[in-house]
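As stored in upload-v6.cif (mmCIF, N, CA and C atoms):
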```cif
data_run
loop_
_atom_site.label_atom_id
_atom_site.label_comp_id
_atom_site.auth_asym_id
_atom_site.auth_seq_id
_atom_site.Cartn_x
_atom_site.Cartn_y
_atom_site.Cartn_z
N MET X 1 1.36 15.28 9.44
CA MET X 1 2.32 14.22 9.59
C MET X 1 3.69 14.85 9.78
N ASN X 2 4.43 14.41 10.79
CA ASN X 2 5.74 14.99 11.02
C ASN X 2 6.84 14.10 10.48
N ASP X 3 8.10 14.61 10.52
CA ASP X 3 9.24 13.86 9.98
C ASP X 3 9.42 12.52 10.67
N GLU X 4 9.19 12.49 11.98
CA GLU X 4 9.37 11.25 12.72
C GLU X 4 8.40 10.18 12.22
N GLN X 5 7.15 10.55 11.90
CA GLN X 5 6.18 9.59 11.40
C GLN X 5 6.62 9.03 10.06
N MET X 6 7.19 9.87 9.19
CA MET X 6 7.61 9.41 7.87
C MET X 6 8.83 8.51 7.96
N GLU X 7 9.73 8.77 8.90
CA GLU X 7 10.95 7.99 9.01
C GLU X 7 10.69 6.60 9.58
N SER X 8 9.65 6.47 10.38
CA SER X 8 9.36 5.16 10.94
C SER X 8 8.34 4.46 10.06
N SER X 9 8.22 3.16 10.25
CA SER X 9 7.21 2.40 9.51
C SER X 9 5.87 2.65 10.17
N GLU X 10 4.89 3.04 9.36
CA GLU X 10 3.54 3.21 9.86
C GLU X 10 2.76 2.00 9.42
N SER X 11 1.97 1.42 10.31
CA SER X 11 1.24 0.24 9.89
C SER X 11 -0.03 0.08 10.69
N GLN X 12 -0.96 -0.59 10.08
CA GLN X 12 -2.13 -1.09 10.78
C GLN X 12 -1.93 -2.58 10.85
N GLU X 13 -2.07 -3.16 12.02
CA GLU X 13 -1.78 -4.58 12.18
C GLU X 13 -2.83 -5.43 11.50
N PHE X 14 -2.40 -6.62 11.04
CA PHE X 14 -3.33 -7.60 10.52
C PHE X 14 -4.25 -8.08 11.62
N SER X 15 -5.42 -8.52 11.25
CA SER X 15 -6.34 -9.17 12.17
C SER X 15 -5.70 -10.46 12.67
N SER X 16 -6.01 -10.84 13.87
CA SER X 16 -5.46 -12.09 14.40
C SER X 16 -6.14 -13.31 13.79
N ASN X 17 -7.22 -13.12 13.06
CA ASN X 17 -7.97 -14.21 12.45
C ASN X 17 -7.58 -14.40 10.99
N ILE X 18 -6.33 -14.80 10.75
CA ILE X 18 -5.82 -15.02 9.40
C ILE X 18 -5.53 -16.50 9.22
N ASP X 19 -6.04 -17.07 8.13
CA ASP X 19 -5.77 -18.49 7.90
C ASP X 19 -4.42 -18.68 7.23
N GLU X 20 -4.06 -19.93 6.97
CA GLU X 20 -2.74 -20.24 6.40
C GLU X 20 -2.56 -19.69 4.99
N ASP X 21 -3.65 -19.34 4.32
CA ASP X 21 -3.55 -18.78 2.97
C ASP X 21 -3.47 -17.25 2.99
N GLY X 22 -3.45 -16.64 4.18
CA GLY X 22 -3.37 -15.19 4.28
C GLY X 22 -4.70 -14.49 4.15
N ASN X 23 -5.80 -15.21 4.40
CA ASN X 23 -7.13 -14.63 4.28
C ASN X 23 -7.70 -14.30 5.65
N ALA X 24 -8.64 -13.35 5.66
CA ALA X 24 -9.36 -13.03 6.89
C ALA X 24 -10.32 -14.16 7.21
N ALA X 25 -10.90 -14.12 8.39
CA ALA X 25 -11.81 -15.18 8.82
C ALA X 25 -12.97 -15.37 7.86
N ASP X 26 -13.40 -14.30 7.20
CA ASP X 26 -14.51 -14.40 6.26
C ASP X 26 -14.07 -14.86 4.87
N GLY X 27 -12.78 -15.20 4.71
CA GLY X 27 -12.26 -15.68 3.44
C GLY X 27 -11.75 -14.58 2.52
N ALA X 28 -11.93 -13.32 2.91
CA ALA X 28 -11.46 -12.20 2.09
C ALA X 28 -9.93 -12.09 2.23
N PRO X 29 -9.24 -11.74 1.14
CA PRO X 29 -7.78 -11.66 1.21
C PRO X 29 -7.30 -10.48 2.05
N MET X 30 -6.17 -10.69 2.74
CA MET X 30 -5.50 -9.62 3.46
C MET X 30 -4.54 -8.94 2.50
N TYR X 31 -4.33 -7.65 2.65
CA TYR X 31 -3.45 -6.89 1.77
C TYR X 31 -2.24 -6.41 2.56
N ASP X 32 -1.06 -6.86 2.14
CA ASP X 32 0.21 -6.44 2.72
C ASP X 32 0.82 -5.47 1.72
N LEU X 33 0.89 -4.20 2.08
CA LEU X 33 1.29 -3.13 1.17
C LEU X 33 2.54 -2.43 1.67
N ARG X 34 3.38 -2.00 0.73
CA ARG X 34 4.54 -1.16 1.03
C ARG X 34 4.45 0.07 0.17
N LEU X 35 4.60 1.22 0.80
CA LEU X 35 4.62 2.48 0.06
C LEU X 35 6.03 3.06 0.17
N TYR X 36 6.69 3.16 -0.97
CA TYR X 36 8.02 3.76 -1.02
C TYR X 36 7.86 5.24 -1.33
N VAL X 37 8.47 6.08 -0.49
CA VAL X 37 8.36 7.53 -0.63
C VAL X 37 9.75 8.16 -0.58
N ALA X 38 9.79 9.45 -0.92
CA ALA X 38 11.04 10.23 -0.84
C ALA X 38 10.81 11.38 0.12
N GLY X 39 10.96 11.11 1.40
CA GLY X 39 10.82 12.14 2.42
C GLY X 39 9.42 12.74 2.44
N GLN X 40 9.39 14.07 2.63
CA GLN X 40 8.13 14.79 2.75
C GLN X 40 7.76 15.50 1.46
N SER X 41 8.19 14.98 0.32
CA SER X 41 7.86 15.62 -0.95
C SER X 41 6.33 15.68 -1.09
N PRO X 42 5.83 16.68 -1.79
CA PRO X 42 4.37 16.79 -1.94
C PRO X 42 3.74 15.51 -2.51
N ARG X 43 4.37 14.89 -3.50
CA ARG X 43 3.81 13.66 -4.09
C ARG X 43 3.81 12.51 -3.08
N SER X 44 4.85 12.43 -2.25
CA SER X 44 4.92 11.37 -1.24
C SER X 44 3.83 11.55 -0.19
N VAL X 45 3.64 12.79 0.26
CA VAL X 45 2.62 13.07 1.26
C VAL X 45 1.23 12.78 0.69
N ARG X 46 0.99 13.21 -0.57
CA ARG X 46 -0.31 12.93 -1.22
C ARG X 46 -0.54 11.44 -1.38
N ALA X 47 0.50 10.71 -1.75
CA ALA X 47 0.36 9.26 -1.92
C ALA X 47 -0.04 8.59 -0.62
N LEU X 48 0.58 8.98 0.49
CA LEU X 48 0.24 8.40 1.78
C LEU X 48 -1.20 8.74 2.17
N GLU X 49 -1.59 9.99 1.98
CA GLU X 49 -2.96 10.40 2.31
C GLU X 49 -3.96 9.65 1.44
N ASN X 50 -3.70 9.55 0.14
CA ASN X 50 -4.61 8.85 -0.76
C ASN X 50 -4.69 7.36 -0.43
N LEU X 51 -3.56 6.76 -0.08
CA LEU X 51 -3.55 5.35 0.29
C LEU X 51 -4.38 5.10 1.54
N ARG X 52 -4.28 5.99 2.51
CA ARG X 52 -5.08 5.83 3.74
C ARG X 52 -6.57 5.85 3.43
N VAL X 53 -6.97 6.76 2.54
CA VAL X 53 -8.39 6.84 2.16
C VAL X 53 -8.83 5.56 1.47
N VAL X 54 -8.05 5.08 0.50
CA VAL X 54 -8.39 3.85 -0.22
C VAL X 54 -8.49 2.67 0.75
N CYS X 55 -7.52 2.54 1.63
CA CYS X 55 -7.53 1.42 2.58
C CYS X 55 -8.72 1.50 3.52
N ASP X 56 -8.99 2.69 4.06
CA ASP X 56 -10.10 2.84 5.00
C ASP X 56 -11.44 2.56 4.34
N GLU X 57 -11.60 2.99 3.09
CA GLU X 57 -12.88 2.86 2.41
C GLU X 57 -13.08 1.49 1.75
N HIS X 58 -12.01 0.84 1.29
CA HIS X 58 -12.16 -0.37 0.49
C HIS X 58 -11.53 -1.62 1.09
N LEU X 59 -10.63 -1.46 2.06
CA LEU X 59 -9.94 -2.62 2.64
C LEU X 59 -10.04 -2.65 4.16
N SER X 60 -11.04 -2.03 4.70
CA SER X 60 -11.17 -1.87 6.14
C SER X 60 -10.91 -3.17 6.90
N GLY X 61 -9.91 -3.12 7.80
CA GLY X 61 -9.59 -4.26 8.63
C GLY X 61 -8.85 -5.38 7.91
N ARG X 62 -8.47 -5.16 6.64
CA ARG X 62 -7.83 -6.24 5.86
C ARG X 62 -6.51 -5.79 5.26
N TYR X 63 -5.80 -4.88 5.91
CA TYR X 63 -4.56 -4.40 5.32
C TYR X 63 -3.51 -4.07 6.37
N ARG X 64 -2.27 -4.05 5.90
CA ARG X 64 -1.12 -3.59 6.67
C ARG X 64 -0.30 -2.76 5.70
N VAL X 65 0.08 -1.57 6.13
CA VAL X 65 0.88 -0.67 5.29
C VAL X 65 2.21 -0.41 5.97
N GLU X 66 3.29 -0.59 5.22
CA GLU X 66 4.62 -0.23 5.68
C GLU X 66 5.11 0.90 4.79
N VAL X 67 5.47 2.03 5.40
CA VAL X 67 5.97 3.18 4.64
C VAL X 67 7.49 3.17 4.72
N ILE X 68 8.13 3.19 3.55
CA ILE X 68 9.59 3.15 3.49
C ILE X 68 10.08 4.43 2.85
N ASP X 69 10.83 5.21 3.62
CA ASP X 69 11.39 6.47 3.14
C ASP X 69 12.76 6.20 2.55
N LEU X 70 12.87 6.33 1.23
CA LEU X 70 14.13 6.02 0.56
C LEU X 70 15.20 7.09 0.77
N LEU X 71 14.83 8.25 1.30
CA LEU X 71 15.84 9.24 1.67
C LEU X 71 16.57 8.79 2.93
N VAL X 72 15.89 8.04 3.77
CA VAL X 72 16.48 7.52 5.00
C VAL X 72 17.28 6.25 4.72
N ASN X 73 16.72 5.36 3.89
CA ASN X 73 17.37 4.09 3.61
C ASN X 73 17.20 3.72 2.14
N PRO X 74 18.01 4.31 1.26
CA PRO X 74 17.86 4.06 -0.18
C PRO X 74 18.14 2.62 -0.59
N ALA X 75 18.89 1.87 0.18
CA ALA X 75 19.21 0.49 -0.18
C ALA X 75 17.96 -0.39 -0.22
N LEU X 76 16.90 -0.01 0.49
CA LEU X 76 15.68 -0.81 0.51
C LEU X 76 14.96 -0.81 -0.83
N ALA X 77 15.30 0.11 -1.73
CA ALA X 77 14.67 0.16 -3.05
C ALA X 77 15.03 -1.05 -3.89
N ARG X 78 16.19 -1.64 -3.66
CA ARG X 78 16.65 -2.76 -4.47
C ARG X 78 15.76 -3.99 -4.35
N GLY X 79 15.31 -4.29 -3.14
CA GLY X 79 14.54 -5.51 -2.91
C GLY X 79 13.27 -5.60 -3.76
N ASP X 80 12.57 -4.49 -3.90
CA ASP X 80 11.33 -4.48 -4.69
C ASP X 80 11.54 -3.82 -6.05
N GLU X 81 12.81 -3.60 -6.43
CA GLU X 81 13.15 -3.02 -7.73
C GLU X 81 12.39 -1.71 -7.99
N ILE X 82 12.51 -0.78 -7.05
CA ILE X 82 11.84 0.50 -7.14
C ILE X 82 12.64 1.43 -8.04
N VAL X 83 12.00 1.97 -9.06
CA VAL X 83 12.67 2.87 -10.01
C VAL X 83 12.12 4.30 -9.95
N ALA X 84 11.00 4.50 -9.26
CA ALA X 84 10.39 5.82 -9.13
C ALA X 84 9.65 5.88 -7.80
N VAL X 85 9.49 7.08 -7.28
CA VAL X 85 8.71 7.26 -6.05
C VAL X 85 7.70 8.38 -6.27
N PRO X 86 6.57 8.29 -5.62
CA PRO X 86 6.13 7.19 -4.76
C PRO X 86 5.72 5.97 -5.56
N THR X 87 5.95 4.80 -4.96
CA THR X 87 5.53 3.53 -5.54
C THR X 87 4.86 2.70 -4.45
N LEU X 88 3.70 2.16 -4.77
CA LEU X 88 2.99 1.25 -3.88
C LEU X 88 3.23 -0.17 -4.37
N VAL X 89 3.65 -1.06 -3.46
CA VAL X 89 3.87 -2.46 -3.80
C VAL X 89 2.90 -3.30 -2.98
N ARG X 90 2.13 -4.12 -3.69
CA ARG X 90 1.25 -5.08 -3.01
C ARG X 90 2.02 -6.39 -2.92
N LYS X 91 2.42 -6.77 -1.70
CA LYS X 91 3.15 -8.01 -1.47
C LYS X 91 2.19 -9.20 -1.38
N LEU X 92 1.07 -9.00 -0.72
CA LEU X 92 0.02 -10.01 -0.60
C LEU X 92 -1.32 -9.36 -0.87
N PRO X 93 -2.27 -10.05 -1.45
CA PRO X 93 -2.15 -11.39 -1.98
C PRO X 93 -1.28 -11.40 -3.23
N GLU X 94 -0.66 -12.54 -3.47
CA GLU X 94 0.20 -12.67 -4.64
C GLU X 94 -0.66 -12.69 -5.90
N PRO X 95 -0.17 -12.32 -7.04
CA PRO X 95 1.21 -11.94 -7.33
C PRO X 95 1.49 -10.50 -6.89
N ILE X 96 2.78 -10.18 -6.77
CA ILE X 96 3.20 -8.83 -6.41
C ILE X 96 2.74 -7.87 -7.50
N ARG X 97 2.19 -6.72 -7.08
CA ARG X 97 1.74 -5.69 -8.02
C ARG X 97 2.37 -4.36 -7.60
N LYS X 98 2.63 -3.47 -8.57
CA LYS X 98 3.21 -2.16 -8.29
C LYS X 98 2.38 -1.07 -8.95
N ILE X 99 2.22 0.03 -8.22
CA ILE X 99 1.52 1.20 -8.74
C ILE X 99 2.42 2.40 -8.48
N ILE X 100 2.78 3.11 -9.53
CA ILE X 100 3.65 4.28 -9.41
C ILE X 100 2.81 5.53 -9.48
N GLY X 101 3.10 6.49 -8.59
CA GLY X 101 2.40 7.77 -8.62
C GLY X 101 1.83 8.12 -7.26
N ASP X 102 1.07 9.21 -7.22
CA ASP X 102 0.56 9.70 -5.94
C ASP X 102 -0.77 9.07 -5.52
N LEU X 103 -1.23 8.07 -6.28
CA LEU X 103 -2.42 7.29 -5.95
C LEU X 103 -3.69 8.13 -5.93
N SER X 104 -3.70 9.24 -6.67
CA SER X 104 -4.86 10.13 -6.67
C SER X 104 -6.02 9.59 -7.51
N ASP X 105 -5.74 8.69 -8.44
CA ASP X 105 -6.79 8.07 -9.25
C ASP X 105 -7.26 6.81 -8.53
N THR X 106 -8.29 6.95 -7.72
CA THR X 106 -8.76 5.85 -6.87
C THR X 106 -9.13 4.63 -7.69
N GLU X 107 -9.80 4.82 -8.81
CA GLU X 107 -10.21 3.68 -9.64
C GLU X 107 -8.99 2.91 -10.13
N ARG X 108 -7.96 3.63 -10.57
CA ARG X 108 -6.72 3.00 -11.04
C ARG X 108 -6.04 2.23 -9.90
N VAL X 109 -6.06 2.78 -8.70
CA VAL X 109 -5.46 2.11 -7.54
C VAL X 109 -6.23 0.82 -7.23
N LEU X 110 -7.55 0.89 -7.23
CA LEU X 110 -8.37 -0.29 -6.93
C LEU X 110 -8.17 -1.39 -7.97
N VAL X 111 -8.08 -1.00 -9.23
CA VAL X 111 -7.82 -1.99 -10.29
C VAL X 111 -6.41 -2.54 -10.14
N GLY X 112 -5.43 -1.66 -9.86
CA GLY X 112 -4.05 -2.08 -9.70
C GLY X 112 -3.85 -3.05 -8.53
N LEU X 113 -4.59 -2.82 -7.46
CA LEU X 113 -4.52 -3.71 -6.29
C LEU X 113 -5.38 -4.96 -6.51
N GLN X 114 -6.14 -4.97 -7.57
CA GLN X 114 -7.09 -6.04 -7.89
C GLN X 114 -8.18 -6.17 -6.84
N VAL X 115 -8.55 -5.00 -6.31
CA VAL X 115 -9.71 -4.93 -5.40
C VAL X 115 -10.97 -4.83 -6.26
N ARG X 116 -10.83 -4.18 -7.40
CA ARG X 116 -11.93 -3.99 -8.34
C ARG X 116 -11.46 -4.40 -9.72
N PRO X 117 -12.25 -5.17 -10.45
CA PRO X 117 -11.84 -5.57 -11.80
C PRO X 117 -11.83 -4.39 -12.76
N LEU X 118 -11.04 -4.51 -13.81
CA LEU X 118 -10.99 -3.50 -14.86
C LEU X 118 -12.39 -3.31 -15.40
N GLY X 119 -12.82 -2.05 -15.52
CA GLY X 119 -14.16 -1.78 -16.02
C GLY X 119 -15.14 -1.41 -14.92
N GLY X 120 -14.69 -1.40 -13.66
CA GLY X 120 -15.52 -0.94 -12.56
C GLY X 120 -16.31 -2.05 -11.91
N GLY X 121 -17.15 -1.63 -10.98
CA GLY X 121 -17.97 -2.56 -10.23
C GLY X 121 -17.19 -3.21 -9.11
N PRO X 122 -17.85 -3.62 -8.05
CA PRO X 122 -17.14 -4.25 -6.92
C PRO X 122 -16.58 -5.60 -7.30
N ALA X 123 -15.46 -5.92 -6.69
CA ALA X 123 -14.79 -7.22 -6.96
C ALA X 123 -15.50 -8.34 -6.26
#
```

Translate this structure into structure tokens?
Amino acid sequence: MNDEQMESSESQEFSSNIDEDGNAADGAPMYDLRLYVAGQSPRSVRALENLRVVCDEHLSGRYRVEVIDLLVNPALARGDEIVAVPTLVRKLPEPIRKIIGDLSDTERVLVGLQVRPLGGGPA
């Protein structure tokens, strides 16, 4: 990943088959995620890599990720009340959820995103 990729928003587009409640055609929720990072720091790079794996394996076709580099635009931290980086913010489905860290604990990320209930097993 180069500096230009980190400075711009990286995203996978939502499916065009989204209902008024923000769900996919099959009724599964869509995930609108924001990852706040600090440039190319090792933790930021790991967080982005780990998030891609989680999304590809557990949210395939049901997510959009916006990467926000706070070294480029620190004022954006205020909107989501970011106090540490990297931080993942789940905007949708509501309620808003936040996960701080490099997202290396996949189980913790899945529980935090409410993809998997506490205690394991598929949601």

Can you measure atom CA of X:Leu33 to atom CA of X:Val85 for me? One decimal in Å is fine.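 Between atom CA of X:Leu33 and atom CA of X:Val85 the gap is 14.7 Å.
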
One decimal place gives the atom CA of X:Pro29-atom CA of X:Gly61 separation as 10.6 Å

When you draw a straight line from atom CA of X:Pro95 to atom CA of X:Arg108, how long is it in Å?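 Separation between atom CA of X:Pro95 and atom CA of X:Arg108: 17.3 Å.
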
Please determine, counting all atoms listed in the file, which residue among X:Val115, X:Leu88, X:Leu103, X:Val65 has the shortest atom-to-atom distance to X:Glu49. X:Leu103

Work out where the centre of an axis-aligned box around every listed atom of stretch 100-110 of chain X lies and how long its edges are once 3 Å is added on each side; give both in Å to one decimal as AutoDock Vina command-line options.
```
--center_x -3.3 --center_y 4.4 --center_z -8.3 --size_x 19.9 --size_y 17.5 --size_z 11.5
```

Here is a test: counting only C-alpha atoms, which residue of X:Leu76, X:Ala84, X:Ala47, X:Ile68 is nearest to X:Thr106?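 Checking each candidate against X:Thr106, we get X:Ala47 as the closest.
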
For X:Val72, the nearest of the candidates X:Ala38, X:Gly101, X:Gly27, X:Pro86, counting all atoms listed in the file: X:Ala38

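The shell of residues at most 8 Å from X:Lys98, with only C-alpha atoms counted and near chain neighbours (fewer than 5 positions) removed, consists of Thr87, Leu88, Val89, Arg90 and Gly112 of chain X.
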
Given the PyMOL selection byres (((chain X and resi 104 and name CA) around 12) and name CA) and the file above, list the residues it selects as a list in words. Arg43, Ser44, Val45, Arg46, Ala47, Leu48, Glu49, Asn50, Leu51, Arg52, Val53, Val54, Pro86, Ile99, Ile100, Gly101, Asp102, Leu103, Asp105, Thr106, Glu107, Arg108, Val109 and Leu110 of chain X

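All residues within stretch 20-99 of chain X that the backbone DSSP calculation assigns to strand (DSSP E or B) are Asn23, Ala24, Pro29, Tyr31, Asp32, Leu33, Arg34, Leu35, Tyr36, Val37, Tyr63, Arg64, Val65, Glu66, Val67, Ile68, Asp69, Thr87, Leu88, Val89, Arg90, Lys91, Leu92, Arg97, Lys98 and Ile99 of chain X.
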
Given the file above and the PyMOL selection byres ((chain X and resi 71) around 6), which residues are selected, and can you give them as a PyMOL selection string? chain X and resi 37-39+69-70+72-74
